Every structure is written in structure tokens, then in C-alpha cells.
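Worksheet: one structure, shown below.
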Amino acid sequence: MIYENVKRIADAKGVTIYRIERDTKIANGIIAKWGKTANQEPSATNLKKVADYLEVDMNELLSDKQETH
């Protein structure tokens with residue numbers, strides 16, 4: 001769910017997951033693991049970095065609603 005939300009918002013803003021990771025200094029491939037691996041939940045720090053980068057509230061990344069930007 002978290003990965004899907006990040007991907008959806010990033011796509012709407014024309015940004016790749018790789019670029020988010022690079023620009024926020026999150027290790028390459030980490031965001032893709034969010035939600036794909038049961039034990040790979042984002043740290044609060046990384047979640048905040050991504051939310052800030054995408055200019056959204058952290059709750060939007062955690063939400064199970066499908067909203068469009």
C-alpha cells in the first residue's frame with residue numbers, strides 16, 4: 001500500500017522512485033520494498049523525507065484511499 005501510494009503520487013508529479021531515493025539519500029531500492037516484503041516497513045524518517053519531497057502529508061502515503069493529484 002505505501003509503495004503504491006508513493007508510486008501513484010510520484011507518477012502524477014513526473015518523478016521516478018529512483019530520483020526520490022537519490023534526492024532524499026534513501027538507499028537505492030528501499031522504497032520499492034515498502035509493501036512488497038512483509039517486514040519492510042519504512043522508518044518514520046524515510047517516510048517523512050518522501051512525504052516532504054512529494055509535498056504531501058505522511059498520512060497520504062499511509063492511507064488506503066486511492067486519491068488522485
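Letters A, B, ... go to the chains of the C-alpha cells in the order shown; residues in each chain start at 1; ligands are counted from 1 in the same order.
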DSSP on the backbone: which residues in chain A end up as helix (DSSP H, G or I)? Give the answer as a ChimeraX atom specification. /A:2-13,17-24,30-33,44-54,58-62
Shell of 8 Å around Ile2 (chain A), only C-alpha atoms, local chain residues under 2 positions omitted, as a PyMOL selection string: chain A and resi 4-6+34-35+61-63
What separation in Å, quoted to one decimal, exists between CA of Ala10 (chain A) and CA of Leu54 (chain A)? 6.9 Å
Considering only C-alpha atoms, return as a list of chain:residue names whatever protein or nucleic-acid residues lie within 12 Å of Arg22 (chain A), sequence-local ones (same chain, fewer than 6 positions apart) excluded. A:Val15, A:Thr16, A:Asn28, A:Gly29, A:Ile30, A:Ile31, A:Lys49, A:Val50, A:Tyr53
May I have the selected residues written with C-alpha atoms, as a PDB file, in the first residue's frame?
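The new file again-v5.pdb reads:
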ATOM      1  CA  VAL A  15       9.138  11.867 -10.668  1.00  0.00           C
ATOM      2  CA  THR A  16      10.695   8.402 -10.582  1.00  0.00           C
ATOM      3  CA  ASN A  28      18.531   2.521  -3.752  1.00  0.00           C
ATOM      4  CA  GLY A  29      15.660   0.012  -3.876  1.00  0.00           C
ATOM      5  CA  ILE A  30      14.297   0.668  -0.393  1.00  0.00           C
ATOM      6  CA  ILE A  31      11.045   2.351  -1.450  1.00  0.00           C
ATOM      7  CA  LYS A  49      11.657  12.505   3.658  1.00  0.00           C
ATOM      8  CA  VAL A  50       9.458  11.066   0.902  1.00  0.00           C
ATOM      9  CA  TYR A  53       9.844  15.540  -1.258  1.00  0.00           C
TER      10      TYR A  53
END
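With only C-alpha atoms as the basis for measurement, A:Ile26 is the residue among A:Ala32, A:Ile20, A:Met58, A:Ile26 that approaches Asn46 (chain A) most closely.
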Quick one: pull the distance between CA of Ala44 (chain A) and CA of Asn59 (chain A), Å, one decimal. 11.4 Å
Pick out the closest residue to Met1 (chain A) from this set: A:Glu41, A:Asp57, A:Glu21, A:Asp52. Count only C-alpha atoms. A:Glu41
